[in-house]
Each structure stands twice: as structure tokens, then as C-alpha cells.
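The file upload27.txt contains compact mmCIF, C-alpha atoms and all ligand atoms:
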```
# COMPACT_ATOMS: atom_id res chain seq x y z
CA MET Y 1 71.84 130.92 77.01
CA PRO Y 2 70.71 128.33 74.40
CA VAL Y 3 67.03 129.19 75.13
CA VAL Y 4 67.60 132.88 74.41
CA ILE Y 5 69.24 132.06 71.10
CA ARG Y 6 66.40 129.74 70.13
CA LEU Y 7 63.74 132.40 70.78
CA SER Y 8 65.55 135.12 68.88
CA VAL Y 9 66.06 132.90 65.84
CA ILE Y 10 62.36 131.95 65.78
CA ARG Y 11 61.42 135.62 66.02
CA LEU Y 12 63.74 136.35 63.08
CA SER Y 13 62.02 133.63 61.05
CA VAL Y 14 58.58 135.08 61.77
CA ILE Y 15 59.59 138.51 60.54
CA ARG Y 16 60.91 136.96 57.35
CA LEU Y 17 57.67 135.00 56.83
CA SER Y 18 55.66 138.19 56.55
CA VAL Y 19 57.71 139.85 53.80
CA ILE Y 20 59.33 137.21 51.59
CA ARG Y 21 58.08 134.75 48.92
CA PRO Y 22 57.34 131.10 49.96
CA SER Y 23 60.36 129.46 48.26
CA VAL Y 24 62.67 131.89 49.96
CA ILE Y 25 60.79 131.32 53.22
CA ARG Y 26 61.53 127.60 53.02
CA LEU Y 27 65.22 128.25 52.42
CA SER Y 28 65.26 130.83 55.19
CA PHE Y 29 63.63 128.35 57.56
CA VAL Y 30 66.17 125.64 56.75
CA LEU Y 31 69.03 128.10 57.18
CA SER Y 32 67.57 129.28 60.49
CA VAL Y 33 67.35 125.74 61.78
CA VAL Y 34 70.93 125.03 60.71
CA LEU Y 35 72.05 128.28 62.33
CA LEU Y 36 70.04 127.49 65.45
CA LEU Y 37 71.56 124.03 65.80
CA GLY Y 38 75.02 125.43 65.24
CA LEU Y 39 74.60 128.19 67.80
CA VAL Y 40 73.05 125.92 70.41
CA GLY Y 41 75.79 123.37 69.86
CA ALA Y 42 78.50 126.02 70.11
CA ALA Y 43 76.97 127.50 73.26
CA ALA Y 44 76.73 124.09 74.92
CA ALA Y 45 80.31 123.25 73.96
CA GLN Y 46 81.50 126.53 75.45
CA ASP Y 47 79.60 125.93 78.70
CA ALA Y 48 80.79 122.43 79.35
CA PRO Y 49 84.32 121.58 80.39
CA ALA Y 50 85.23 118.47 78.42
CA GLN Y 51 83.70 115.58 80.33
CA ASP Y 52 85.80 112.48 80.46
CA PRO Y 53 84.13 109.72 82.46
CA ASP Y 54 87.58 108.35 83.27
CA THR Y 55 88.28 111.34 85.47
CA LEU Y 56 85.34 110.54 87.75
CA ASP Y 57 87.50 108.09 89.67
CA PRO Y 58 84.70 105.68 90.56
CA THR Y 59 85.23 103.38 93.52
CA PRO Y 60 83.88 100.04 92.33
CA PRO Y 61 84.01 97.11 94.73
CA GLY Y 62 87.26 95.15 94.64
CA SER Y 63 87.91 91.45 95.02
CA LEU Y 64 89.26 89.15 97.74
CA ASN Y 65 90.94 86.94 95.14
CA PRO Y 66 92.10 89.20 92.34
CA GLU Y 67 93.02 87.17 89.26
CA PRO Y 68 96.38 88.07 87.74
CA LEU Y 69 95.95 89.49 84.24
CA PRO Y 70 96.68 86.98 81.47
CA PRO Y 71 100.00 87.55 79.66
CA LEU Y 72 99.84 89.72 76.52
CA GLU Y 73 100.36 87.96 73.20
CA HIS Y 74 102.46 90.75 71.70
CA PRO Y 75 103.61 93.07 74.48
CA GLU Y 76 106.29 94.56 72.21
CA ALA Y 77 103.86 95.48 69.39
CA PRO Y 78 103.73 99.26 68.87
CA SER Y 79 99.90 99.11 68.93
CA THR Y 80 99.79 97.62 72.46
CA ALA Y 81 98.00 99.96 74.86
CA ALA Y 82 100.36 101.36 77.49
CA ARG Y 83 97.76 100.68 80.21
CA ASP Y 84 97.92 96.93 79.45
CA LEU Y 85 101.69 96.98 80.01
CA PHE Y 86 101.67 99.04 83.23
CA ALA Y 87 98.80 97.04 84.73
CA ARG Y 88 100.96 93.88 84.54
CA LYS Y 89 103.79 95.27 86.67
CA ALA Y 90 103.28 94.38 90.33
CA THR Y 91 106.51 95.90 91.65
CA PRO Y 92 108.15 99.31 91.28
CA PHE Y 93 111.01 100.11 88.92
CA PRO Y 94 114.04 100.04 91.24
CA GLY Y 95 116.39 102.94 91.87
CA PRO Y 96 115.97 106.58 92.73
CA ALA Y 97 112.49 108.11 92.69
CA ARG Y 98 111.52 109.98 89.53
CA ALA Y 99 108.14 111.28 88.39
CA ILE Y 100 108.42 111.23 84.59
CA GLY Y 101 106.09 113.23 82.31
CA GLY Y 102 102.67 114.73 83.07
CA TYR Y 103 99.91 113.78 85.52
CA SER Y 104 97.92 112.23 82.64
CA ASP Y 105 100.79 111.08 80.41
CA GLY Y 106 103.74 109.72 82.32
CA CYS Y 107 105.12 107.05 84.60
CA LEU Y 108 106.98 106.58 87.88
CA ALA Y 109 110.35 105.10 88.82
CA GLY Y 110 111.50 104.28 92.35
CA ALA Y 111 107.97 104.32 93.78
CA ALA Y 112 107.40 104.03 97.53
CA VAL Y 113 104.47 102.16 99.05
CA LEU Y 114 102.03 103.61 101.53
CA PRO Y 115 101.67 100.90 104.21
CA ILE Y 116 98.08 99.65 104.31
CA ASP Y 117 97.76 100.60 107.99
CA GLY Y 118 99.21 103.58 109.81
CA PRO Y 119 98.43 105.39 113.04
CA SER Y 120 95.99 107.68 111.23
CA TRP Y 121 95.19 106.08 107.86
CA GLN Y 122 94.02 102.84 106.24
CA VAL Y 123 94.28 101.92 102.57
CA MET Y 124 91.11 100.76 100.78
CA ARG Y 125 90.65 98.41 97.75
CA LEU Y 126 93.93 96.55 98.32
CA SER Y 127 93.19 94.31 95.32
CA ARG Y 128 93.91 97.24 93.00
CA ASN Y 129 97.56 97.49 94.15
CA ARG Y 130 97.51 101.24 93.66
CA ASN Y 131 98.95 102.40 96.99
CA TRP Y 132 102.22 103.47 95.34
CA GLY Y 133 103.57 106.94 94.83
CA HIS Y 134 106.57 109.20 94.69
CA PRO Y 135 108.10 109.28 98.21
CA ASP Y 136 106.99 112.93 98.46
CA LEU Y 137 103.36 111.79 98.06
CA VAL Y 138 103.75 109.11 100.72
CA ALA Y 139 105.35 111.67 103.06
CA PHE Y 140 102.54 114.13 102.36
CA LEU Y 141 99.84 111.54 103.11
CA LYS Y 142 101.42 110.64 106.46
CA ARG Y 143 101.71 114.34 107.34
CA PHE Y 144 98.15 115.06 106.22
CA ALA Y 145 96.81 112.09 108.19
CA ASP Y 146 98.50 113.42 111.36
CA ASN Y 147 97.24 116.96 110.76
CA ALA Y 148 93.72 115.65 110.11
CA ARG Y 149 93.71 114.11 113.59
CA LYS Y 150 94.34 117.56 115.03
CA ILE Y 151 91.06 118.89 113.59
CA GLY Y 152 89.10 115.93 114.97
CA TRP Y 153 89.16 113.64 111.91
CA ASN Y 154 89.89 110.11 113.10
CA GLY Y 155 92.09 109.25 110.14
CA LEU Y 156 92.18 108.95 106.34
CA LEU Y 157 90.72 106.25 104.14
CA VAL Y 158 93.07 106.26 101.18
CA GLY Y 159 91.81 105.13 97.76
CA ASP Y 160 93.85 105.00 94.57
CA MET Y 161 97.30 106.52 94.38
CA SER Y 162 99.35 105.10 91.46
CA GLN Y 163 100.29 101.70 90.09
CA PRO Y 164 103.77 100.44 91.11
CA ARG Y 165 105.27 102.01 87.97
CA GLY Y 166 102.59 104.66 87.46
CA GLY Y 167 101.41 104.98 83.86
CA PRO Y 168 97.88 104.79 82.47
CA ALA Y 169 95.48 102.49 84.36
CA ILE Y 170 93.07 99.98 82.87
CA SER Y 171 90.24 101.51 84.91
CA GLY Y 172 89.25 104.57 86.84
CA HIS Y 173 91.55 107.45 86.00
CA ALA Y 174 93.03 109.66 83.34
CA SER Y 175 95.63 111.05 85.76
CA HIS Y 176 97.33 109.34 88.75
CA GLN Y 177 100.17 108.41 86.34
CA ILE Y 178 103.30 109.86 87.98
CA GLY Y 179 102.79 109.08 91.65
CA LEU Y 180 101.66 112.56 92.69
CA ASP Y 181 97.86 112.04 92.93
CA ALA Y 182 95.83 110.39 95.71
CA ASP Y 183 92.11 109.86 96.29
CA ILE Y 184 90.83 110.24 99.86
CA TRP Y 185 87.36 109.12 100.93
CA PHE Y 186 84.97 111.58 102.55
CA ASP Y 187 84.41 109.04 105.35
CA PRO Y 188 86.67 109.07 108.39
CA MET Y 189 88.70 105.97 109.20
CA PRO Y 190 86.77 103.70 111.60
CA LYS Y 191 88.22 103.05 115.04
CA HIS Y 192 89.05 99.41 114.27
CA THR Y 193 91.50 97.99 111.74
CA GLN Y 194 89.30 97.01 108.82
CA THR Y 195 89.08 93.49 107.41
CA ARG Y 196 89.92 92.73 103.78
CA GLU Y 197 86.16 92.42 103.14
CA GLU Y 198 85.47 95.89 104.52
CA ARG Y 199 88.27 97.40 102.46
CA GLU Y 200 87.10 95.76 99.24
CA PHE Y 201 83.31 96.02 99.56
CA ASN Y 202 82.40 98.99 101.79
CA PHE Y 203 81.17 102.02 99.89
CA PRO Y 204 82.06 105.61 100.63
CA ALA Y 205 79.17 107.94 101.52
CA ASP Y 206 77.99 110.32 98.77
CA VAL Y 207 78.04 113.78 100.38
CA VAL Y 208 76.27 115.58 97.48
CA ALA Y 209 72.48 116.18 97.53
CA LYS Y 210 70.33 114.33 94.97
CA ASP Y 211 69.67 117.52 92.95
CA GLN Y 212 73.47 118.10 92.75
CA LEU Y 213 73.01 121.75 93.73
CA ASP Y 214 74.58 121.53 97.17
CA VAL Y 215 75.95 119.09 99.70
CA ASP Y 216 73.56 116.67 101.42
CA ALA Y 217 72.83 118.35 104.75
CA LYS Y 218 72.19 114.95 106.35
CA VAL Y 219 75.70 113.74 105.54
CA TRP Y 220 77.90 116.82 105.25
CA THR Y 221 79.75 118.18 108.26
CA ARG Y 222 81.87 121.28 108.62
CA THR Y 223 84.80 119.09 109.65
CA ARG Y 224 85.02 118.05 105.99
CA THR Y 225 85.64 121.66 104.98
CA GLU Y 226 88.34 121.79 107.65
CA LEU Y 227 89.79 118.51 106.36
CA ILE Y 228 90.18 119.90 102.84
CA ARG Y 229 91.50 123.19 104.19
CA THR Y 230 94.13 121.16 106.06
CA ALA Y 231 95.22 119.43 102.84
CA ALA Y 232 95.11 122.64 100.78
CA GLN Y 233 97.30 124.50 103.28
CA ASP Y 234 100.08 121.93 102.94
CA PRO Y 235 102.75 123.58 100.77
CA ALA Y 236 103.26 120.40 98.70
CA VAL Y 237 99.64 120.45 97.46
CA THR Y 238 98.88 122.21 94.17
CA ARG Y 239 95.27 121.15 93.46
CA ILE Y 240 92.36 119.34 95.11
CA PHE Y 241 89.42 118.16 92.97
CA VAL Y 242 85.93 118.03 94.50
CA ASN Y 243 82.37 117.99 93.16
CA ALA Y 244 81.14 121.54 92.38
CA ALA Y 245 78.44 121.20 95.07
CA ILE Y 246 81.18 120.56 97.62
CA LYS Y 247 83.19 123.57 96.48
CA LYS Y 248 80.01 125.62 96.87
CA ALA Y 249 79.64 124.47 100.49
CA MET Y 250 83.29 125.21 101.17
CA CYS Y 251 82.97 128.72 99.72
CA ARG Y 252 80.13 129.27 102.20
CA GLU Y 253 81.96 127.77 105.19
CA ALA Y 254 85.50 129.02 104.57
CA GLY Y 255 85.32 132.22 106.61
CA SER Y 256 87.69 135.14 106.07
CA ASP Y 257 90.95 133.32 105.24
CA ARG Y 258 90.16 132.20 101.70
CA SER Y 259 93.56 132.04 100.00
CA TRP Y 260 93.67 128.22 100.15
CA LEU Y 261 90.36 127.92 98.25
CA ALA Y 262 92.16 128.61 94.96
CA LYS Y 263 93.62 125.10 95.10
CA VAL Y 264 90.17 123.50 95.49
CA ARG Y 265 88.88 122.90 91.94
CA PRO Y 266 85.33 121.88 91.01
CA TRP Y 267 85.07 118.79 88.86
CA TYR Y 268 82.63 116.08 87.78
CA GLY Y 269 82.04 113.20 90.19
CA HIS Y 270 84.22 113.41 93.30
CA ALA Y 271 81.12 113.25 95.49
CA GLU Y 272 82.42 110.51 97.77
CA HIS Y 273 86.13 111.17 97.61
CA PHE Y 274 88.43 114.09 96.95
CA HIS Y 275 91.55 113.97 94.82
CA VAL Y 276 94.73 115.59 96.10
CA ARG Y 277 97.59 116.48 93.74
CA ILE Y 278 101.07 117.53 94.81
CA GLY Y 279 103.57 119.45 92.68
CA CYS Y 280 106.60 118.15 90.81
CA PRO Y 281 109.29 116.94 93.25
CA ALA Y 282 112.75 118.52 93.18
CA ASP Y 283 114.34 115.17 92.24
CA SER Y 284 112.27 114.81 89.05
CA PRO Y 285 113.50 117.11 86.26
CA GLN Y 286 111.36 115.24 83.71
CA CYS Y 287 108.15 115.89 85.67
CA LYS Y 288 105.80 118.18 83.71
CA PRO Y 289 104.30 120.74 86.11
CA GLN Y 290 100.76 122.03 85.69
CA SER Y 291 100.21 125.79 85.54
CA PRO Y 292 99.06 127.13 88.92
CA PRO Y 293 95.28 127.43 89.43
CA PRO Y 294 93.72 130.83 88.65
CA VAL Y 295 94.16 133.52 91.30
CA GLY Y 296 91.16 134.06 93.62
CA ASP Y 297 88.92 131.79 95.67
CA GLY Y 298 87.07 130.43 92.60
CA CYS Y 299 83.71 131.02 94.27
CA GLY Y 300 82.18 133.45 91.74
CA HIS Y 301 80.62 133.11 88.28
CA GLY Y 302 82.98 130.36 87.21
CA LEU Y 303 81.50 128.15 89.90
CA ASP Y 304 77.90 129.10 89.00
CA ASP Y 305 78.48 127.69 85.51
CA TRP Y 306 78.74 124.21 87.02
CA PHE Y 307 75.10 124.37 88.13
CA LYS Y 308 73.63 125.18 84.71
CA ASP Y 309 71.05 122.73 83.49
CA SER Y 310 73.24 121.85 80.48
CA ILE Y 311 75.99 120.64 82.84
CA LEU Y 312 73.84 118.92 85.47
CA HIS Y 313 71.53 117.29 82.93
CA PRO Y 314 73.38 116.94 79.62
CA VAL Y 315 71.04 116.15 76.71
CA GLN Y 316 70.80 112.42 76.17
CA PRO Y 317 70.16 111.03 72.67
CA LEU Y 318 66.50 109.99 72.17
CA PHE Y 319 67.51 106.53 70.98
CA PRO Y 320 70.52 104.46 72.00
CA PRO Y 321 72.97 104.06 69.10
CA LEU Y 322 72.34 100.96 66.97
CA PHE Y 323 76.05 100.15 66.99
CA PRO Y 324 77.70 101.43 70.19
CA PRO Y 325 81.21 102.72 69.54
CA PRO Y 326 83.98 100.25 70.42
CA PRO Y 327 85.90 101.02 73.63
CA LYS Y 328 88.70 103.56 73.22
CA PRO Y 329 91.93 101.73 72.32
CA GLY Y 330 94.08 103.55 74.90
CA VAL Y 331 97.32 105.40 74.24
CA THR Y 332 100.42 103.48 73.23
CA MET Y 333 103.93 103.88 74.63
CA ALA Y 334 104.60 106.39 71.82
CA ALA Y 335 102.40 108.91 73.66
CA LEU Y 336 104.47 108.72 76.86
CA PRO Y 337 107.98 110.07 77.52
CA ALA Y 338 110.68 107.83 76.05
CA ALA Y 339 112.07 107.08 79.55
CA CYS Y 340 108.81 105.27 80.39
CA ARG Y 341 109.73 102.43 78.01
CA GLN Y 342 112.64 101.45 80.20
CA VAL Y 343 110.43 101.75 83.28
CA VAL Y 344 107.72 99.45 81.95
CA ASN Y 345 109.99 96.99 80.10
CA ALA Y 346 112.27 96.16 83.02
CA PRO Y 347 111.39 92.83 84.68
ZN ZN I 1 91.62 110.80 91.63
```
Target encoding C-alpha cells, full file:
Amino acid sequence: MPVVIRLSVIRLSVIRLSVIRPSVIRLSFVLSVVLLLGLVGAAAAQDAPAQDPDTLDPTPPGSLNPEPLPPLEHPEAPSTAARDLFARKATPFPGPARAIGGYSDGCLAGAAVLPIDGPSWQVMRLSRNRNWGHPDLVAFLKRFADNARKIGWNGLLVGDMSQPRGGPAISGHASHQIGLDADIWFDPMPKHTQTREEREFNFPADVVAKDQLDVDAKVWTRTRTELIRTAAQDPAVTRIFVNAAIKKAMCREAGSDRSWLAKVRPWYGHAEHFHVRIGCPADSPQCKPQSPPPVGDGCGHGLDDWFKDSILHPVQPLFPPLFPPPPKPGVTMAALPAACRQVVNAP
């Protein structure tokens, strides 16, 4: 699209050159360039879903001896980032379970823990202490792990769920804030119970091909499509985020029953894990539901857009900025539901 615009504007300029005086030509040229830049910029902005690197959910190595975070000097200051408060809470807020607010702006009371080992799952990156969730999420994961066994998947490797009290995290995610999101690795659980070292330092396999246009045939297996189908067919699940190349493979492999594909949404990253989201639980009136995904299998033109050059290879600036922008300050408690203050302030 941007290329077409560029050509037509140049052609326009050439026509003008032949009929108009030089001073006007210069002005016309400048205006054309401005118009061109504007149009190209607008087209690119329209193409690209807003990319937020935080939503890539990277899986950096953990640590065998995680250092506790140093106490904050002014935790009560209104300018304190909410993530710095939530990251310092190692235990859940007691009482009944409540998901409060939205997936990317909320918190969690009465969280349940997913045990680090189960008959058909193991939790990874224990140093992050993010294997907490609403009890509905924990129940879903146990159910999903059992159902995965039935399709020949040895068990789940579970990455980040939520912090003990949910809320924004100091690394890795924009969502995962209300105990209803979980990351699952694309690798099956090994047959042995993993050591701490394995859980902190093993890396998940990247299942997307180098050119990002499809899955990596050497790594991908059809069982992975069946695994995601199994999660998507669970009534609690509302969305599953995967790399667009993975969605493409699933569109190809799904067969005739395609209704579940609507829940599988293409997104940046998510090449070595998928992200499962469940809906608002009945016990959480303050939970902000997300509108249901668009009707249809999502395999048509909307998916093609993800493979445009402007998305796969966004234009990089020619020179690095002289003064890199400071890191984003992070939202304060004012941006979260009022009930989250009580959740994060309790000892
Ligand atoms: Zn995630």
C-alpha cells in the first residue's frame, strides 16, 4: 500500500513539472513530499496493531537465589508506580477470591496457587513467584492439563500466571493482572520432575520459522494444534494469543470444525509459548470483561495483514537516538480500581 501511494505522488509531481513555473514547482514538490510522508505514515499506522513490547511475554532466565526487592522509600507517594507496590507482595490478599478491574488494569484478591508439580503439569521460573491466579484459572489449568494428556501431550509447562495480588508487573506483561491469564510453553513437560536449575534456565523452543511466515516445520507438530484446540474448546476460555505464523498453521490444520478458531488470536511474539485467557468469574462483579472475539475463524484477510512487510520488518531509524527516552514511569494506583489500594496496602 505505501509503495503504491509513493508512485502515484511522484507521477503527480512529474505532471506538474511540465506545466508550472519553477517557484511553484518547488512549492509543489515540498507539498508532495509532506503529503507523501503523511500518507505513508497514516497507511503504516493503519496497518499495524499498536505494538507494545511488554505484551510479548518474554521468558528470560530466572535465578536460583532471587534477591528480595529493596523497600521503597515512599510507598505511599501518589507518584509511586503500582508495579513497584505489587511486586513487593509475596502472599495473596486473604479472603474470598475476586478479580478486580480489567486484564491490563486491575488486581486480584483471594488468589489460589498452582502447585509447582502436578500429575500433568510443572511450573517454570519459580523465582518469579507468578504461579497465582483466581481459583477458576487454577481449576482450568488442572482440567486442561488432564485433557492435554488425552491427546498425547505429556503435560503442561506453565509460565507466568499472576503475582500473588495480581496488578501490573515490573517485567514481562501488560496483562496478567487479575489472575485470569496464563502462559503455557510450546514444549511438553519432560517425563522427570525438573530441577530448580532446569526450571529457571531451560529455554522453550521457538516454533516459528526464521522468516516469520509460517511455523518451523522441523519443530512444529500437529499435536500442538490439537493442544490449542483442547484449550480453546474449554468453555472457561475466551481468548488464546499465538504468533500469527502459528495461527496460520492452525487455520491449515484445523479441519472442518473451525468454530473454536475464533478464540485463537494472532499477536506479536508468542512463538515459544501461548497465552490463555479465561472470562470473568461469577464471583467477581468488579471484573471488567473483554468483548468477545469477532465471529468467524479469523483465517482470512485479517490474518494476511500480519505478514505484510511493514509488520514483519518495521522501519528502523537510520541512527540510534542521541538521548534514548527514559523508561516509561508505569501507571500509579490512581489508574487502577479503588479496591486495589486495599489489596496492595494490606500487610
Ligand atoms: Zn501472557
With all atoms listed in the file as the counted atoms, please give the residues lying no more than 6 Å from Gly101 in chain Y, apart from itself and same-chain residues fewer than 4 positions off, as number ranges by chain. Y: 106, 286-288
Which chains and residue numbers are within 9 Å of ligand ZN 1 (chain I), counting all atoms listed in the file, if I want them as a list in words? Thr55, Leu56, Asp57, Pro58, Gly159, Asp160, Met161, Gly172, His173, Ala174, Ser175, His176, Asp181, Ala182, Asp183, Ile184, Phe241, His270, His273, Phe274, His275, Val276 and Arg277 of chain Y
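Taking only C-alpha atoms into account, Pro115 in chain Y lies nearest to Y:Val158 out of the set Y:Tyr103, Y:Val158, Y:Ala271, Y:Ala77.
Using all atoms listed in the file for every distance, the candidate list Y:Thr225, Y:Gln177, Y:Gln122, Y:Gln194 yields Y:Thr225 as the residue closest to Met250 in chain Y.
Between CA of Pro326 in chain Y and CA of Ile178 in chain Y the separation is 27.8 Å.
The residue set within 12 Å of Leu72 in chain Y, counting all atoms listed in the file and dropping same-chain residues fewer than 5 places from it, reads Ala77, Thr80, Ala81, Ala82, Arg83, Asp84, Leu85, Phe86, Ala87 and Arg88 of chain Y.
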Might you pull out every residue within 9 Å of Phe144 in chain Y, with only C-alpha atoms counted and same-chain residues fewer than 4 positions away left off, and present them as a PDB file with C-alpha atoms, in the coordinates of the input?
```pdb
ATOM      1  CA  ALA Y 139     105.350 111.670 103.060  1.00  0.00           C
ATOM      2  CA  PHE Y 140     102.540 114.130 102.360  1.00  0.00           C
ATOM      3  CA  ALA Y 148      93.720 115.650 110.110  1.00  0.00           C
ATOM      4  CA  ARG Y 149      93.710 114.110 113.590  1.00  0.00           C
ATOM      5  CA  LEU Y 156      92.180 108.950 106.340  1.00  0.00           C
ATOM      6  CA  THR Y 230      94.130 121.160 106.060  1.00  0.00           C
ATOM      7  CA  ALA Y 231      95.220 119.430 102.840  1.00  0.00           C
ATOM      8  CA  ASP Y 234     100.080 121.930 102.940  1.00  0.00           C
TER       9      ASP Y 234
END
```
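Note that the spacing between CA of Asp283 in chain Y and CA of Arg98 in chain Y amounts to 6.5 Å.
The smallest atom-to-atom distance between Pro292 in chain Y and any of Y:Thr238, Y:Asp206, Y:Ile228, Y:Lys191, using only C-alpha atoms, is found for Y:Thr238.
Picture a line from CA of Ser63 in chain Y to CA of Ala111 in chain Y; it runs 23.9 Å.
Closest approach to Ala90 in chain Y among Y:Val138, Y:Asn147, Y:Gln163, Y:Arg265 is made by Y:Gln163 (distances from all atoms listed in the file).
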Set the distance at 9 Å and use only C-alpha atoms: which residues neighbour range 213-217 of chain Y once local chain neighbours fewer than 4 positions away are removed? I'd like the list as a ChimeraX atom specification. /Y:206-209,221,244-249,271,307,312
Add whatever atoms are absent from range 251-281 of chain Y to reach N, CA and C atoms, and provide the output as a PDB file, keeping the file's coordinate frame.
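And here is the file that came out, rebuild.pdb:
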```pdb
ATOM      1  N   CYS Y 251      82.958 127.259  99.901  1.00  0.00           N
ATOM      2  CA  CYS Y 251      82.970 128.720  99.720  1.00  0.00           C
ATOM      3  C   CYS Y 251      82.151 129.382 100.833  1.00  0.00           C
ATOM      4  N   ARG Y 252      81.040 128.728 101.187  1.00  0.00           N
ATOM      5  CA  ARG Y 252      80.130 129.270 102.200  1.00  0.00           C
ATOM      6  C   ARG Y 252      80.751 129.157 103.600  1.00  0.00           C
ATOM      7  N   GLU Y 253      81.496 128.080 103.832  1.00  0.00           N
ATOM      8  CA  GLU Y 253      81.960 127.770 105.190  1.00  0.00           C
ATOM      9  C   GLU Y 253      83.391 128.240 105.469  1.00  0.00           C
ATOM     10  N   ALA Y 254      84.062 128.777 104.433  1.00  0.00           N
ATOM     11  CA  ALA Y 254      85.500 129.020 104.570  1.00  0.00           C
ATOM     12  C   ALA Y 254      85.849 130.125 105.576  1.00  0.00           C
ATOM     13  N   GLY Y 255      84.982 131.107 105.721  1.00  0.00           N
ATOM     14  CA  GLY Y 255      85.320 132.220 106.610  1.00  0.00           C
ATOM     15  C   GLY Y 255      86.215 133.232 105.899  1.00  0.00           C
ATOM     16  N   SER Y 256      86.993 133.996 106.680  1.00  0.00           N
ATOM     17  CA  SER Y 256      87.690 135.140 106.070  1.00  0.00           C
ATOM     18  C   SER Y 256      89.016 134.756 105.415  1.00  0.00           C
ATOM     19  N   ASP Y 257      89.701 133.722 105.897  1.00  0.00           N
ATOM     20  CA  ASP Y 257      90.950 133.320 105.240  1.00  0.00           C
ATOM     21  C   ASP Y 257      90.601 132.403 104.072  1.00  0.00           C
ATOM     22  N   ARG Y 258      90.654 132.937 102.856  1.00  0.00           N
ATOM     23  CA  ARG Y 258      90.160 132.200 101.700  1.00  0.00           C
ATOM     24  C   ARG Y 258      91.255 131.863 100.696  1.00  0.00           C
ATOM     25  N   SER Y 259      92.499 132.195 101.006  1.00  0.00           N
ATOM     26  CA  SER Y 259      93.560 132.040 100.000  1.00  0.00           C
ATOM     27  C   SER Y 259      93.689 130.581  99.552  1.00  0.00           C
ATOM     28  N   TRP Y 260      93.498 129.636 100.460  1.00  0.00           N
ATOM     29  CA  TRP Y 260      93.670 128.220 100.150  1.00  0.00           C
ATOM     30  C   TRP Y 260      92.607 127.686  99.198  1.00  0.00           C
ATOM     31  N   LEU Y 261      91.454 128.409  99.100  1.00  0.00           N
ATOM     32  CA  LEU Y 261      90.360 127.920  98.250  1.00  0.00           C
ATOM     33  C   LEU Y 261      90.735 127.850  96.775  1.00  0.00           C
ATOM     34  N   ALA Y 262      91.749 128.629  96.367  1.00  0.00           N
ATOM     35  CA  ALA Y 262      92.160 128.610  94.960  1.00  0.00           C
ATOM     36  C   ALA Y 262      92.579 127.204  94.520  1.00  0.00           C
ATOM     37  N   LYS Y 263      93.148 126.445  95.452  1.00  0.00           N
ATOM     38  CA  LYS Y 263      93.620 125.100  95.100  1.00  0.00           C
ATOM     39  C   LYS Y 263      92.463 124.103  94.959  1.00  0.00           C
ATOM     40  N   VAL Y 264      91.305 124.443  95.500  1.00  0.00           N
ATOM     41  CA  VAL Y 264      90.170 123.500  95.490  1.00  0.00           C
ATOM     42  C   VAL Y 264      89.379 123.719  94.198  1.00  0.00           C
ATOM     43  N   ARG Y 265      89.447 122.743  93.283  1.00  0.00           N
ATOM     44  CA  ARG Y 265      88.880 122.900  91.940  1.00  0.00           C
ATOM     45  C   ARG Y 265      87.625 122.063  91.788  1.00  0.00           C
ATOM     46  N   PRO Y 266      86.532 122.674  91.249  1.00  0.00           N
ATOM     47  CA  PRO Y 266      85.330 121.880  91.010  1.00  0.00           C
ATOM     48  C   PRO Y 266      85.523 120.928  89.844  1.00  0.00           C
ATOM     49  N   TRP Y 267      84.969 119.748  89.965  1.00  0.00           N
ATOM     50  CA  TRP Y 267      85.070 118.790  88.860  1.00  0.00           C
ATOM     51  C   TRP Y 267      83.882 117.833  88.898  1.00  0.00           C
ATOM     52  N   TYR Y 268      83.697 117.088  87.806  1.00  0.00           N
ATOM     53  CA  TYR Y 268      82.630 116.080  87.780  1.00  0.00           C
ATOM     54  C   TYR Y 268      82.918 115.002  88.825  1.00  0.00           C
ATOM     55  N   GLY Y 269      81.860 114.300  89.240  1.00  0.00           N
ATOM     56  CA  GLY Y 269      82.040 113.200  90.190  1.00  0.00           C
ATOM     57  C   GLY Y 269      82.617 113.714  91.491  1.00  0.00           C
ATOM     58  N   HIS Y 270      83.552 112.984  92.065  1.00  0.00           N
ATOM     59  CA  HIS Y 270      84.220 113.410  93.300  1.00  0.00           C
ATOM     60  C   HIS Y 270      83.223 113.811  94.378  1.00  0.00           C
ATOM     61  N   ALA Y 271      82.161 113.003  94.497  1.00  0.00           N
ATOM     62  CA  ALA Y 271      81.120 113.250  95.490  1.00  0.00           C
ATOM     63  C   ALA Y 271      81.334 112.394  96.723  1.00  0.00           C
ATOM     64  N   GLU Y 272      82.163 111.354  96.601  1.00  0.00           N
ATOM     65  CA  GLU Y 272      82.420 110.510  97.770  1.00  0.00           C
ATOM     66  C   GLU Y 272      83.908 110.412  98.087  1.00  0.00           C
ATOM     67  N   HIS Y 273      84.714 111.072  97.292  1.00  0.00           N
ATOM     68  CA  HIS Y 273      86.130 111.170  97.610  1.00  0.00           C
ATOM     69  C   HIS Y 273      86.665 112.473  97.034  1.00  0.00           C
ATOM     70  N   PHE Y 274      87.760 112.951  97.571  1.00  0.00           N
ATOM     71  CA  PHE Y 274      88.430 114.090  96.950  1.00  0.00           C
ATOM     72  C   PHE Y 274      89.802 113.638  96.479  1.00  0.00           C
ATOM     73  N   HIS Y 275      90.319 114.369  95.509  1.00  0.00           N
ATOM     74  CA  HIS Y 275      91.550 113.970  94.820  1.00  0.00           C
ATOM     75  C   HIS Y 275      92.598 115.047  95.110  1.00  0.00           C
ATOM     76  N   VAL Y 276      93.680 114.639  95.743  1.00  0.00           N
ATOM     77  CA  VAL Y 276      94.730 115.590  96.100  1.00  0.00           C
ATOM     78  C   VAL Y 276      95.917 115.405  95.172  1.00  0.00           C
ATOM     79  N   ARG Y 277      96.436 116.510  94.658  1.00  0.00           N
ATOM     80  CA  ARG Y 277      97.590 116.480  93.740  1.00  0.00           C
ATOM     81  C   ARG Y 277      98.710 117.305  94.332  1.00  0.00           C
ATOM     82  N   ILE Y 278      99.923 116.745  94.350  1.00  0.00           N
ATOM     83  CA  ILE Y 278     101.070 117.530  94.810  1.00  0.00           C
ATOM     84  C   ILE Y 278     101.908 117.945  93.593  1.00  0.00           C
ATOM     85  N   GLY Y 279     102.769 118.914  93.787  1.00  0.00           N
ATOM     86  CA  GLY Y 279     103.570 119.450  92.680  1.00  0.00           C
ATOM     87  C   GLY Y 279     104.755 118.572  92.333  1.00  0.00           C
ATOM     88  N   CYS Y 280     105.444 118.931  91.262  1.00  0.00           N
ATOM     89  CA  CYS Y 280     106.600 118.150  90.810  1.00  0.00           C
ATOM     90  C   CYS Y 280     107.700 118.165  91.877  1.00  0.00           C
ATOM     91  N   PRO Y 281     108.220 116.990  92.243  1.00  0.00           N
ATOM     92  CA  PRO Y 281     109.290 116.940  93.250  1.00  0.00           C
ATOM     93  C   PRO Y 281     110.617 117.467  92.688  1.00  0.00           C
TER      94      PRO Y 281
END
```
